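Pasted below: final09.tsv, TSV, C-alpha atoms and all ligand atoms.
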chain	number	residue	atom	x	y	z
A	67	MET	CA	-9.45	-13.85	-6.40
A	68	LEU	CA	-9.45	-12.58	-2.83
A	69	VAL	CA	-12.75	-11.05	-1.78
A	70	LEU	CA	-13.31	-9.21	1.47
A	71	GLU	CA	-16.96	-8.42	1.79
A	72	GLN	CA	-18.63	-6.11	4.28
A	73	LEU	CA	-16.01	-6.78	6.93
A	74	GLN	CA	-16.77	-5.41	10.35
A	75	ARG	CA	-14.50	-5.51	13.37
A	76	ARG	CA	-14.65	-3.67	16.65
A	77	PHE	CA	-12.16	-3.52	19.49
A	78	GLY	CA	-14.25	-2.38	22.46
A	79	ASP	CA	-15.63	0.99	21.41
A	80	VAL	CA	-13.22	1.35	18.51
A	81	VAL	CA	-14.63	0.51	15.10
A	82	ALA	CA	-11.62	-0.79	13.16
A	83	LEU	CA	-13.55	-2.02	10.11
A	84	GLU	CA	-16.88	-0.59	9.00
A	85	ARG	CA	-18.26	-2.71	6.15
A	86	LEU	CA	-14.99	-2.89	4.28
A	87	ASP	CA	-15.10	-4.34	0.77
A	88	LEU	CA	-11.99	-5.23	-1.21
A	89	THR	CA	-11.32	-7.52	-4.14
A	90	VAL	CA	-7.84	-8.46	-5.33
A	91	ALA	CA	-7.59	-10.55	-8.49
A	92	ALA	CA	-4.89	-12.99	-9.53
A	93	GLY	CA	-2.09	-11.03	-11.19
A	94	GLU	CA	-3.13	-7.77	-9.52
A	95	LEU	CA	-0.70	-5.68	-7.50
A	96	CYS	CA	-2.85	-3.60	-5.19
A	97	GLY	CA	-1.53	-0.78	-3.01
A	98	PHE	CA	-3.51	-0.59	0.20
A	99	VAL	CA	-3.19	2.89	1.66
A	100	GLY	CA	-4.82	4.97	4.35
A	101	PRO	CA	-4.01	7.07	7.40
A	102	ASN	CA	-2.79	5.58	10.68
A	103	GLY	CA	-5.56	3.67	12.38
A	104	ALA	CA	-7.63	3.40	9.18
A	105	GLY	CA	-7.95	-0.38	9.49
A	106	LYS	CA	-5.39	-1.69	6.99
A	107	THR	CA	-3.66	-4.08	9.36
A	108	THR	CA	-6.97	-5.31	10.76
A	109	ALA	CA	-8.32	-5.96	7.25
A	110	MET	CA	-5.16	-7.84	6.27
A	111	ARG	CA	-5.25	-9.87	9.47
A	112	CYS	CA	-8.85	-10.82	8.68
A	113	ALA	CA	-7.82	-11.80	5.16
A	114	VAL	CA	-5.14	-14.14	6.49
A	115	GLY	CA	-7.34	-15.48	9.27
A	116	VAL	CA	-5.26	-14.12	12.15
A	117	THR	CA	-8.19	-11.94	13.21
A	118	THR	CA	-11.81	-12.98	12.97
A	119	PRO	CA	-14.22	-10.32	11.75
A	120	ASP	CA	-17.40	-9.66	13.74
A	121	ALA	CA	-19.33	-9.79	10.48
A	122	GLY	CA	-18.64	-10.12	6.78
A	123	THR	CA	-16.81	-12.72	4.76
A	124	VAL	CA	-13.37	-13.49	3.38
A	125	THR	CA	-13.14	-15.80	0.39
A	126	TRP	CA	-10.41	-17.00	-1.94
A	127	GLU	CA	-11.56	-18.29	-5.34
A	128	GLY	CA	-15.14	-18.23	-4.04
A	129	ARG	CA	-14.54	-20.33	-0.94
A	130	PRO	CA	-13.85	-19.50	2.70
A	131	VAL	CA	-10.18	-19.43	3.64
A	132	SER	CA	-9.51	-23.00	4.77
A	133	LEU	CA	-6.28	-24.32	6.22
A	134	ALA	CA	-5.31	-25.55	2.75
A	135	VAL	CA	-5.79	-22.03	1.38
A	136	ARG	CA	-3.86	-20.51	4.26
A	137	ARG	CA	-0.91	-22.62	3.28
A	138	ARG	CA	-0.90	-20.86	-0.08
A	139	ILE	CA	-0.87	-17.36	1.43
A	140	GLY	CA	2.35	-15.45	1.93
A	141	TYR	CA	1.92	-13.00	4.78
A	142	MET	CA	4.24	-10.34	6.12
A	143	PRO	CA	2.75	-9.21	9.43
A	144	GLU	CA	3.12	-5.64	10.67
A	145	GLU	CA	4.80	-6.87	13.84
A	146	ARG	CA	7.13	-9.09	11.77
A	147	GLY	CA	7.55	-12.62	12.95
A	148	LEU	CA	10.92	-14.23	12.60
A	149	TYR	CA	12.72	-16.30	15.19
A	150	PRO	CA	15.63	-13.98	16.07
A	151	ARG	CA	18.10	-16.68	17.09
A	152	MET	CA	17.44	-19.05	14.20
A	153	ARG	CA	19.76	-18.95	11.21
A	154	VAL	CA	18.40	-17.41	8.05
A	155	ALA	CA	18.36	-20.42	5.71
A	156	GLU	CA	17.37	-22.85	8.43
A	157	GLN	CA	14.41	-20.64	9.27
A	158	LEU	CA	13.23	-20.35	5.69
A	159	VAL	CA	13.43	-24.09	5.14
A	160	TYR	CA	11.51	-24.60	8.38
A	161	LEU	CA	8.77	-22.18	7.32
A	162	ALA	CA	8.49	-23.73	3.88
A	163	ARG	CA	8.14	-27.19	5.45
A	164	LEU	CA	5.52	-25.80	7.84
A	165	HIS	CA	3.53	-24.73	4.78
A	166	GLY	CA	3.64	-28.26	3.47
A	167	LEU	CA	6.56	-28.23	1.02
A	168	PRO	CA	8.73	-31.34	0.64
A	169	ALA	CA	12.28	-30.98	1.98
A	170	ALA	CA	13.98	-30.73	-1.42
A	171	THR	CA	11.60	-28.02	-2.69
A	172	ALA	CA	11.93	-26.14	0.61
A	173	ALA	CA	15.72	-26.14	0.24
A	174	ALA	CA	15.62	-25.16	-3.42
A	175	ASN	CA	13.15	-22.32	-2.82
A	176	THR	CA	15.23	-21.09	0.11
A	177	ALA	CA	18.36	-20.99	-2.03
A	178	HIS	CA	16.45	-19.22	-4.82
A	179	TRP	CA	15.06	-16.46	-2.63
A	180	LEU	CA	18.26	-15.92	-0.65
A	181	ASP	CA	20.04	-15.44	-3.93
A	182	ARG	CA	17.32	-13.27	-5.46
A	183	LEU	CA	17.13	-11.03	-2.41
A	184	GLY	CA	20.90	-10.64	-2.02
A	185	LEU	CA	21.05	-12.64	1.21
A	186	ALA	CA	23.10	-15.63	0.12
A	187	ALA	CA	26.13	-14.49	2.14
A	188	ARG	CA	24.00	-14.28	5.28
A	189	ARG	CA	22.38	-17.67	5.00
A	190	ASP	CA	24.04	-19.00	8.15
A	191	SER	CA	23.70	-15.86	10.28
A	192	PRO	CA	21.17	-15.72	13.07
A	193	VAL	CA	18.41	-13.32	11.99
A	194	GLU	CA	19.04	-11.01	14.97
A	195	GLU	CA	22.55	-10.26	13.68
A	196	LEU	CA	21.20	-8.80	10.44
A	197	SER	CA	20.47	-5.13	9.88
A	198	LEU	CA	16.82	-4.10	10.00
A	199	GLY	CA	16.58	-3.86	6.22
A	200	ASN	CA	18.14	-7.29	5.74
A	201	GLN	CA	15.78	-8.75	8.33
A	202	GLN	CA	13.01	-7.30	6.23
A	203	ARG	CA	14.38	-9.05	3.16
A	204	VAL	CA	14.34	-12.30	5.12
A	205	GLN	CA	10.77	-11.51	6.10
A	206	LEU	CA	9.91	-11.16	2.42
A	207	ALA	CA	11.67	-14.43	1.67
A	208	ALA	CA	9.62	-16.02	4.45
A	209	ALA	CA	6.44	-14.79	2.77
A	210	LEU	CA	7.56	-16.18	-0.59
A	211	VAL	CA	9.37	-19.39	0.20
A	212	HIS	CA	6.31	-21.65	-0.05
A	213	ASP	CA	5.22	-20.45	-3.52
A	214	PRO	CA	2.12	-18.55	-2.37
A	215	VAL	CA	-0.70	-17.72	-4.78
A	216	LEU	CA	-1.74	-14.79	-2.60
A	217	LEU	CA	0.64	-12.30	-1.01
A	218	ILE	CA	-0.51	-10.04	1.82
A	219	LEU	CA	2.23	-7.73	2.99
A	220	ASP	CA	1.82	-5.21	5.77
A	221	GLU	CA	4.11	-2.24	5.12
A	222	PRO	CA	6.85	-4.23	3.39
A	223	PHE	CA	8.64	-1.03	2.33
A	224	SER	CA	8.95	0.60	5.73
A	225	GLY	CA	12.55	1.06	6.82
A	226	LEU	CA	14.11	-0.02	3.52
A	227	ASP	CA	16.93	1.84	1.77
A	228	PRO	CA	16.42	2.82	-1.89
A	229	ILE	CA	18.23	-0.28	-3.19
A	230	ALA	CA	16.10	-2.57	-1.05
A	231	VAL	CA	13.00	-0.64	-2.17
A	232	ASP	CA	13.96	-1.45	-5.76
A	233	VAL	CA	14.46	-5.13	-4.94
A	234	MET	CA	11.13	-5.32	-3.12
A	235	SER	CA	9.37	-3.50	-5.98
A	236	GLU	CA	10.84	-5.82	-8.61
A	237	VAL	CA	9.87	-8.90	-6.67
A	238	LEU	CA	6.29	-7.71	-6.15
A	239	LEU	CA	5.89	-6.83	-9.84
A	240	GLU	CA	7.39	-10.14	-10.85
A	241	ARG	CA	5.10	-12.13	-8.53
A	242	ALA	CA	2.04	-10.26	-9.80
A	243	SER	CA	2.98	-10.90	-13.41
A	244	ALA	CA	3.42	-14.57	-12.50
A	245	GLY	CA	-0.28	-14.53	-11.57
A	246	VAL	CA	-0.06	-14.04	-7.80
A	247	ALA	CA	-2.64	-11.75	-6.20
A	248	VAL	CA	-0.61	-9.19	-4.27
A	249	VAL	CA	-1.86	-6.62	-1.79
A	250	PHE	CA	0.46	-4.53	0.34
A	251	SER	CA	-0.06	-1.61	2.67
A	252	SER	CA	2.13	1.45	2.55
A	253	HIS	CA	2.31	5.09	3.53
A	254	GLN	CA	4.64	5.84	0.61
A	255	LEU	CA	2.07	7.09	-1.84
A	256	ASP	CA	4.53	8.12	-4.53
A	257	LEU	CA	5.94	4.62	-4.48
A	258	VAL	CA	2.47	3.07	-4.70
A	259	GLU	CA	1.64	5.40	-7.58
A	260	ASP	CA	4.74	4.32	-9.50
A	261	LEU	CA	4.42	0.62	-8.73
A	262	CYS	CA	0.73	-0.24	-8.79
A	263	ARG	CA	-2.01	-0.19	-11.39
A	264	SER	CA	-4.50	-0.75	-8.63
A	265	VAL	CA	-5.05	1.11	-5.38
A	266	ALA	CA	-7.46	1.03	-2.48
A	267	VAL	CA	-7.65	3.94	-0.05
A	268	VAL	CA	-9.12	3.02	3.31
A	269	ASP	CA	-10.28	5.50	5.90
A	270	ALA	CA	-12.14	4.89	9.14
A	271	GLY	CA	-12.56	1.21	8.36
A	272	ARG	CA	-13.94	1.47	4.85
A	273	VAL	CA	-12.63	1.80	1.35
A	274	VAL	CA	-13.15	5.38	0.21
A	275	LEU	CA	-11.34	5.24	-3.12
A	276	ARG	CA	-10.68	2.18	-5.25
A	277	GLY	CA	-9.62	1.48	-8.78
A	278	ASP	CA	-7.03	1.86	-11.48
A	279	VAL	CA	-4.45	4.45	-10.48
A	280	ARG	CA	-4.25	5.92	-14.00
A	281	GLU	CA	-8.01	6.20	-14.35
A	282	LEU	CA	-8.38	7.75	-10.91
A	283	LYS	CA	-5.71	10.29	-11.79
A	284	ARG	CA	-7.37	11.06	-15.09
A	285	ALA	CA	-10.73	11.57	-13.39
A	286	GLY	CA	-9.32	13.68	-10.54
A	287	ASP	CA	-9.13	17.47	-10.42
A	288	ARG	CA	-6.23	18.73	-12.54
A	289	ARG	CA	-3.47	20.57	-10.74
A	290	LEU	CA	-2.11	23.86	-11.93
A	291	ARG	CA	1.28	24.49	-10.32
A	292	VAL	CA	2.37	28.08	-10.63
A	293	ALA	CA	5.29	30.14	-9.37
A	294	VAL	CA	5.17	33.90	-9.88
A	295	ASP	CA	7.82	36.53	-9.26
A	296	GLY	CA	5.37	38.66	-7.36
A	297	ASP	CA	2.80	38.81	-4.61
A	298	PRO	CA	1.38	35.33	-3.88
A	299	GLY	CA	-1.80	37.08	-2.78
A	300	TRP	CA	-3.21	36.59	-6.30
A	301	ALA	CA	-4.43	33.15	-5.20
A	302	ALA	CA	-6.88	34.76	-2.78
A	303	ALA	CA	-9.22	35.67	-5.63
A	304	LEU	CA	-9.63	32.34	-7.40
A	305	PRO	CA	-12.71	31.54	-9.50
A	306	VAL	CA	-15.33	29.05	-8.34
A	307	ASP	CA	-14.53	25.34	-8.39
A	308	THR	CA	-10.84	25.95	-7.79
A	309	GLU	CA	-8.88	25.61	-4.60
A	310	VAL	CA	-5.34	26.20	-3.39
A	311	VAL	CA	-4.19	22.80	-2.18
A	312	ALA	CA	-0.51	23.45	-1.51
A	313	ARG	CA	2.06	26.23	-1.21
A	314	ARG	CA	5.65	25.09	-1.33
A	315	ASN	CA	8.89	26.91	-2.15
A	316	GLY	CA	7.05	29.75	-3.82
A	317	GLU	CA	4.95	27.38	-5.92
A	318	ILE	CA	1.20	27.45	-5.51
A	319	THR	CA	-0.81	24.38	-6.48
A	320	VAL	CA	-4.40	24.99	-7.50
A	321	ALA	CA	-6.90	22.17	-7.97
A	322	LEU	CA	-9.15	22.85	-10.95
A	323	GLY	CA	-12.67	21.49	-11.26
A	324	ALA	CA	-13.55	19.78	-14.55
A	325	GLU	CA	-15.10	22.91	-16.12
A	326	VAL	CA	-12.47	25.41	-15.05
A	327	ASP	CA	-10.32	27.07	-17.71
A	328	PRO	CA	-6.73	27.08	-16.42
A	329	GLY	CA	-6.12	30.23	-18.45
A	330	VAL	CA	-8.36	32.17	-16.08
A	331	VAL	CA	-6.22	31.17	-13.12
A	332	LEU	CA	-3.04	31.94	-15.05
A	333	GLU	CA	-4.30	35.43	-15.88
A	334	LEU	CA	-4.73	36.09	-12.17
A	335	ALA	CA	-1.21	34.86	-11.46
A	336	ARG	CA	0.29	36.87	-14.29
A	337	ALA	CA	-1.34	40.03	-13.07
A	338	SER	CA	0.82	39.88	-9.93
A	339	GLY	CA	4.15	39.42	-11.73
A	340	PRO	CA	6.09	37.45	-14.33
A	341	LEU	CA	5.50	33.71	-14.35
A	342	LEU	CA	8.54	31.68	-13.23
A	343	HIS	CA	7.07	28.33	-14.07
A	344	VAL	CA	3.74	26.73	-14.86
A	345	ARG	CA	2.64	23.09	-15.01
A	346	LEU	CA	-0.79	21.68	-15.68
A	347	GLU	CA	-0.96	18.04	-14.59
A	348	GLU	CA	-3.10	15.19	-13.43
A	349	PRO	CA	-3.16	14.97	-9.65
A	350	ARG	CA	-0.63	12.85	-7.79
A	351	LEU	CA	-1.97	9.85	-5.89
A	352	SER	CA	-1.08	11.67	-2.66
A	353	GLU	CA	-3.39	14.49	-3.74
A	354	LEU	CA	-6.24	12.11	-4.59
A	355	PHE	CA	-5.67	10.56	-1.18
A	356	ARG	CA	-6.08	13.92	0.53
A	357	ASP	CA	-9.17	14.68	-1.57
A	358	ALA	CA	-10.72	11.34	-0.62
A	359	LEU	CA	-10.05	11.92	3.06
A	360	GLN	CA	-11.50	15.40	2.94
A	361	ASP	CA	-14.75	13.96	1.69
A	362	ARG	CA	-14.70	11.41	4.49
A	363	LEU	CA	-18.00	10.14	5.70
A	364	PRO	CA	-18.97	11.08	9.22
A	365	ARG	CA	-18.56	8.07	11.54
A	401	LIG	N1	-5.78	-5.61	19.05
A	401	LIG	C1	-6.36	-4.41	19.12
A	401	LIG	N2	-6.91	-3.96	20.25
A	401	LIG	C2	-7.51	-2.75	20.31
A	401	LIG	N3	-7.63	-1.91	19.27
A	401	LIG	C3	-7.10	-2.30	18.11
A	401	LIG	C4	-6.44	-3.56	17.95
A	401	LIG	N4	-6.02	-3.67	16.67
A	401	LIG	C5	-6.40	-2.54	16.05
A	401	LIG	N5	-7.05	-1.71	16.91
A	401	LIG	C6	-7.62	-0.40	16.58
A	401	LIG	O1	-8.30	-0.51	15.35
A	401	LIG	C7	-8.07	0.63	14.53
A	401	LIG	C8	-7.45	0.20	13.21
A	401	LIG	O2	-6.12	-0.24	13.44
A	401	LIG	P1	-5.18	-0.83	12.33
A	401	LIG	O3	-3.96	-1.33	13.02
A	401	LIG	O4	-5.95	-1.81	11.51
A	401	LIG	O5	-4.86	0.45	11.45
A	401	LIG	P2	-3.81	0.66	10.26
A	401	LIG	O6	-4.55	1.22	9.12
A	401	LIG	O7	-3.04	-0.58	10.04
A	401	LIG	O8	-2.87	1.81	10.85
A	401	LIG	P3	-1.28	2.08	10.66
A	401	LIG	O9	-1.15	2.81	9.37
A	401	LIG	O10	-0.95	2.96	11.82
A	401	LIG	O11	-0.58	0.76	10.69
A	401	LIG	C9	-7.20	1.56	15.35
A	401	LIG	O12	-8.04	2.49	15.99
A	401	LIG	C10	-6.54	0.64	16.35
A	401	LIG	O13	-6.22	1.33	17.51
A	402	MG	MG	-1.08	-1.09	10.21
Take the structure from the file and write it as structure tokens.
Amino acid sequence: MLVLEQLQRRFGDVVALERLDLTVAAGELCGFVGPNGAGKTTAMRCAVGVTTPDAGTVTWEGRPVSLAVRRRIGYMPEERGLYPRMRVAEQLVYLARLHGLPAATAAANTAHWLDRLGLAARRDSPVEELSLGNQQRVQLAAALVHDPVLLILDEPFSGLDPIAVDVMSEVLLERASAGVAVVFSSHQLDLVEDLCRSVAVVDAGRVVLRGDVRELKRAGDRRLRVAVDGDPGWAAALPVDTEVVARRNGEITVALGAEVDPGVVLELARASGPLLHVRLEEPRLSELFRDALQDRLPR
């Protein structure tokens, strides 16, 4: 289990982490989300030991992250970190050896991941000759090649095409079900919602929402999505504990507090014209995210 406890980190006057707590268990696939500048990269760097926190602790299985533990972490840094001129396979073998693997295992793991990630044909190409998405696949292979027990990936999905997104998703799910603790940052909330059971929303250096995605959705304000063939002005007179949270393509989304009867809102809508469509749903993760940020604590 990875435990980040009360992490604090400043850069001059900027508070990047403000008592951030996060726990990621073996077998967990945790989506780490938050607005730009929220502190995700800083927290991940602290977890890997690239950045030292000003205060707070990072432990793996109850102990500080030693060099031996670091060798069992797979890390994909935000700034990426491959040697551009080195050939793909050569680089992966080198990285695996650097993490302490014997030559034969390093070669076997390299072959496995190149195959798994659809890179076998590029094994002898210099990394710089690969497309951005393929470089990203190599970056994932580099994070996996030494059989890590903890995976920390900073925006692994950014810049990937839908096929590569599927490959990345499958690999992360597979690693988590093999017992690896996986945490990855992303701005693609719909993807995180589909992929992860577990999510942590960070804002202004602290975790503002944490837990099981399904439970958080269940506990969140329901959304009534309504389109009416009539004046959208009906939504100006909503009952208490309801709020218009989006208007898109003629559809109005109303968040309903726990006690609100959706029928009351529907009556209002119907009074302005025939209903075109109606859906009553749990909130999307992206909506919970916005809710959590609205309630943000003053810094
Ligand atoms: N090396 C640094 N020097 C100065 N300020 C820094 C440094 N690293 C991070 N910061 C600041 O700390 C805050 C948190 O940055 P961080 O990169 O952790 O955010 P993030 O959540 O990863 O954002 P993004 O989604 O944009 O990647 C920001 O205000 C950032 O400007
Ligand atoms: Mg970042």
Closest atom pairs, chain A residues within 10 Å of ligand MG 402 (chain A), only C-alpha atoms and all ligand atoms, as JSON lines:
{"residue": "A:Val99", "atom": "CA", "partner": "A:MG402", "partner_atom": "MG", "distance": 9.7}
{"residue": "A:Gly100", "atom": "CA", "partner": "A:MG402", "partner_atom": "MG", "distance": 9.2}
{"residue": "A:Pro101", "atom": "CA", "partner": "A:MG402", "partner_atom": "MG", "distance": 9.1}
{"residue": "A:Asn102", "atom": "CA", "partner": "A:MG402", "partner_atom": "MG", "distance": 6.9}
{"residue": "A:Gly103", "atom": "CA", "partner": "A:MG402", "partner_atom": "MG", "distance": 6.9}
{"residue": "A:Ala104", "atom": "CA", "partner": "A:MG402", "partner_atom": "MG", "distance": 8.0}
{"residue": "A:Gly105", "atom": "CA", "partner": "A:MG402", "partner_atom": "MG", "distance": 6.9}
{"residue": "A:Lys106", "atom": "CA", "partner": "A:MG402", "partner_atom": "MG", "distance": 5.4}
{"residue": "A:Thr107", "atom": "CA", "partner": "A:MG402", "partner_atom": "MG", "distance": 4.0}
{"residue": "A:Thr108", "atom": "CA", "partner": "A:MG402", "partner_atom": "MG", "distance": 7.3}
{"residue": "A:Ala109", "atom": "CA", "partner": "A:MG402", "partner_atom": "MG", "distance": 9.2}
{"residue": "A:Met110", "atom": "CA", "partner": "A:MG402", "partner_atom": "MG", "distance": 8.8}
{"residue": "A:Arg111", "atom": "CA", "partner": "A:MG402", "partner_atom": "MG", "distance": 9.7}
{"residue": "A:Pro143", "atom": "CA", "partner": "A:MG402", "partner_atom": "MG", "distance": 9.0}
{"residue": "A:Glu144", "atom": "CA", "partner": "A:MG402", "partner_atom": "MG", "distance": 6.2}
{"residue": "A:Glu145", "atom": "CA", "partner": "A:MG402", "partner_atom": "MG", "distance": 9.0}
{"residue": "A:Asp220", "atom": "CA", "partner": "A:MG402", "partner_atom": "MG", "distance": 6.7}
{"residue": "A:Glu221", "atom": "CA", "partner": "A:MG402", "partner_atom": "MG", "distance": 7.4}
{"residue": "A:Ser251", "atom": "CA", "partner": "A:MG402", "partner_atom": "MG", "distance": 7.6}
{"residue": "A:Ser252", "atom": "CA", "partner": "A:MG402", "partner_atom": "MG", "distance": 8.7}
{"residue": "A:His253", "atom": "CA", "partner": "A:MG402", "partner_atom": "MG", "distance": 9.7}
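The interatomic distance for the pair CA of Gly271 (chain A) and CA of Gly97 (chain A) works out to 16.0 Å.
Selecting by distance to (23.1, -14.7, -0.9) with a limit of 12 Å and using only C-alpha atoms, one obtains Val154, Ala155, Thr176, Ala177, His178, Trp179, Leu180, Asp181, Arg182, Leu183, Gly184, Leu185, Ala186, Ala187, Arg188, Arg189, Asp190, Ser191, Asn200, Arg203, Val204 and Ala207 of chain A.
Residue nearest Ala358 (chain A), chosen from A:Glu281, A:Glu333, A:Asp307, A:Asp269 and counting only C-alpha atoms: A:Asp269.
When all atoms listed in the file are used to measure the gap to Gln360 (chain A), the shortest distance among A:Leu334, A:Val274, A:Arg75, A:Arg345 belongs to A:Val274.
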Adding 3 Å on each side of the box along x, y and z that holds all listed atoms of ligand LIG 401 (chain A), could you give its centre and edge lengths in Å to one decimal, as lines of an AutoDock Vina configuration file?
center_x = -4.4
center_y = -1.3
center_z = 14.7
size_x = 13.7
size_y = 14.6
size_z = 17.2
Please identify all polymer residues lying at most 10 Å from the point (-1.5, 32.3, -14.7) (file coordinates), using all atoms listed in the file, and present the result as a VMD selection string. chain A and resid 290 to 294 300 to 301 328 to 341 343 to 344
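When CA of Thr89 (chain A) is paired with CA of Met67 (chain A), their separation reads 7.0 Å.
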Neighbouring residues of Arg350 (chain A) were defined as those with any atom within 12 Å, considering all atoms listed in the file; residues of the same chain fewer than 4 positions away were excluded. Please report them as an mmCIF file with C-alpha atoms, in the frame of the given file.
data_model
loop_
_atom_site.group_PDB
_atom_site.id
_atom_site.type_symbol
_atom_site.label_atom_id
_atom_site.label_comp_id
_atom_site.auth_asym_id
_atom_site.auth_seq_id
_atom_site.Cartn_x
_atom_site.Cartn_y
_atom_site.Cartn_z
ATOM 1 C CA LEU A 255 2.070 7.090 -1.840
ATOM 2 C CA ASP A 256 4.530 8.120 -4.530
ATOM 3 C CA LEU A 257 5.940 4.620 -4.480
ATOM 4 C CA VAL A 258 2.470 3.070 -4.700
ATOM 5 C CA GLU A 259 1.640 5.400 -7.580
ATOM 6 C CA ASP A 260 4.740 4.320 -9.500
ATOM 7 C CA VAL A 279 -4.450 4.450 -10.480
ATOM 8 C CA ARG A 280 -4.250 5.920 -14.000
ATOM 9 C CA GLU A 281 -8.010 6.200 -14.350
ATOM 10 C CA LEU A 282 -8.380 7.750 -10.910
ATOM 11 C CA LYS A 283 -5.710 10.290 -11.790
ATOM 12 C CA ARG A 284 -7.370 11.060 -15.090
ATOM 13 C CA ALA A 285 -10.730 11.570 -13.390
ATOM 14 C CA GLY A 286 -9.320 13.680 -10.540
ATOM 15 C CA ASP A 287 -9.130 17.470 -10.420
ATOM 16 C CA ARG A 288 -6.230 18.730 -12.540
ATOM 17 C CA ARG A 289 -3.470 20.570 -10.740
ATOM 18 C CA LEU A 290 -2.110 23.860 -11.930
ATOM 19 C CA VAL A 311 -4.190 22.800 -2.180
ATOM 20 C CA THR A 319 -0.810 24.380 -6.480
ATOM 21 C CA ALA A 321 -6.900 22.170 -7.970
ATOM 22 C CA LEU A 346 -0.790 21.680 -15.680
ATOM 23 C CA LEU A 354 -6.240 12.110 -4.590
ATOM 24 C CA PHE A 355 -5.670 10.560 -1.180
ATOM 25 C CA ARG A 356 -6.080 13.920 0.530
ATOM 26 C CA ASP A 357 -9.170 14.680 -1.570
#
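Shortest separation to Leu219 (chain A) among A:Tyr149, A:Phe98, A:Tyr160, A:Tyr141 occurs at residue A:Tyr141, atoms counted being only C-alpha atoms.
Among the candidate residues A:Leu148, A:Ala266, A:Ile229, A:Val306, the one lying nearest to ligand LIG 401 (chain A) is A:Ala266, with distances computed using all atoms listed in the file.
Candidate residues A:Gln72, A:Thr123, A:Asn175, A:Gln205 were compared for distance to Arg163 (chain A), and the nearest is A:Asn175, using only C-alpha atoms.
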Skipping near chain neighbours, those fewer than 2 positions away, what residues fall within 12 Å of Leu239 (chain A) using only C-alpha atoms, listed as a short mmCIF file (atom, residue, chain, number, x, y, z; two decimals) with C-alpha atoms, keeping the file's coordinate frame?
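Final file, selection.cif:
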data_model
loop_
_atom_site.label_atom_id
_atom_site.label_comp_id
_atom_site.auth_asym_id
_atom_site.auth_seq_id
_atom_site.Cartn_x
_atom_site.Cartn_y
_atom_site.Cartn_z
CA GLY A 93 -2.09 -11.03 -11.19
CA GLU A 94 -3.13 -7.77 -9.52
CA LEU A 95 -0.70 -5.68 -7.50
CA CYS A 96 -2.85 -3.60 -5.19
CA GLY A 97 -1.53 -0.78 -3.01
CA LEU A 217 0.64 -12.30 -1.01
CA ASP A 232 13.96 -1.45 -5.76
CA VAL A 233 14.46 -5.13 -4.94
CA MET A 234 11.13 -5.32 -3.12
CA SER A 235 9.37 -3.50 -5.98
CA GLU A 236 10.84 -5.82 -8.61
CA VAL A 237 9.87 -8.90 -6.67
CA ARG A 241 5.10 -12.13 -8.53
CA ALA A 242 2.04 -10.26 -9.80
CA SER A 243 2.98 -10.90 -13.41
CA ALA A 244 3.42 -14.57 -12.50
CA GLY A 245 -0.28 -14.53 -11.57
CA VAL A 246 -0.06 -14.04 -7.80
CA ALA A 247 -2.64 -11.75 -6.20
CA VAL A 248 -0.61 -9.19 -4.27
CA VAL A 249 -1.86 -6.62 -1.79
CA PHE A 250 0.46 -4.53 0.34
CA VAL A 258 2.47 3.07 -4.70
CA ASP A 260 4.74 4.32 -9.50
CA LEU A 261 4.42 0.62 -8.73
CA CYS A 262 0.73 -0.24 -8.79
CA ARG A 263 -2.01 -0.19 -11.39
#
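Considering all atoms listed in the file, the residue among A:Pro150, A:Pro222, A:Gly323, A:Pro349 positioned nearest to ligand LIG 401 (chain A) is A:Pro222.
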Since the input is missing atoms, can you rebuild N, CA and C atoms for region 317-325 of chain A and write them as a compact mmCIF listing (two decimals), keeping the file's coordinate frame?
# COMPACT_ATOMS: atom_id res chain seq x y z
N GLU A 317 5.87 27.93 -4.92
CA GLU A 317 4.95 27.38 -5.92
C GLU A 317 3.58 27.18 -5.27
N ILE A 318 2.57 27.63 -5.99
CA ILE A 318 1.20 27.45 -5.51
C ILE A 318 0.53 26.40 -6.38
N THR A 319 -0.10 25.42 -5.74
CA THR A 319 -0.81 24.38 -6.48
C THR A 319 -2.31 24.62 -6.34
N VAL A 320 -2.95 24.73 -7.50
CA VAL A 320 -4.40 24.99 -7.50
C VAL A 320 -5.10 23.78 -8.12
N ALA A 321 -6.08 23.24 -7.40
CA ALA A 321 -6.90 22.17 -7.97
C ALA A 321 -8.00 22.80 -8.81
N LEU A 322 -8.18 22.27 -10.02
CA LEU A 322 -9.15 22.85 -10.95
C LEU A 322 -10.30 21.87 -11.18
N GLY A 323 -11.51 22.31 -10.93
CA GLY A 323 -12.67 21.49 -11.26
C GLY A 323 -12.74 21.23 -12.76
N ALA A 324 -13.54 20.24 -13.16
CA ALA A 324 -13.55 19.78 -14.55
C ALA A 324 -13.85 20.90 -15.55
N GLU A 325 -14.67 21.87 -15.17
CA GLU A 325 -15.10 22.91 -16.12
C GLU A 325 -14.21 24.14 -16.11
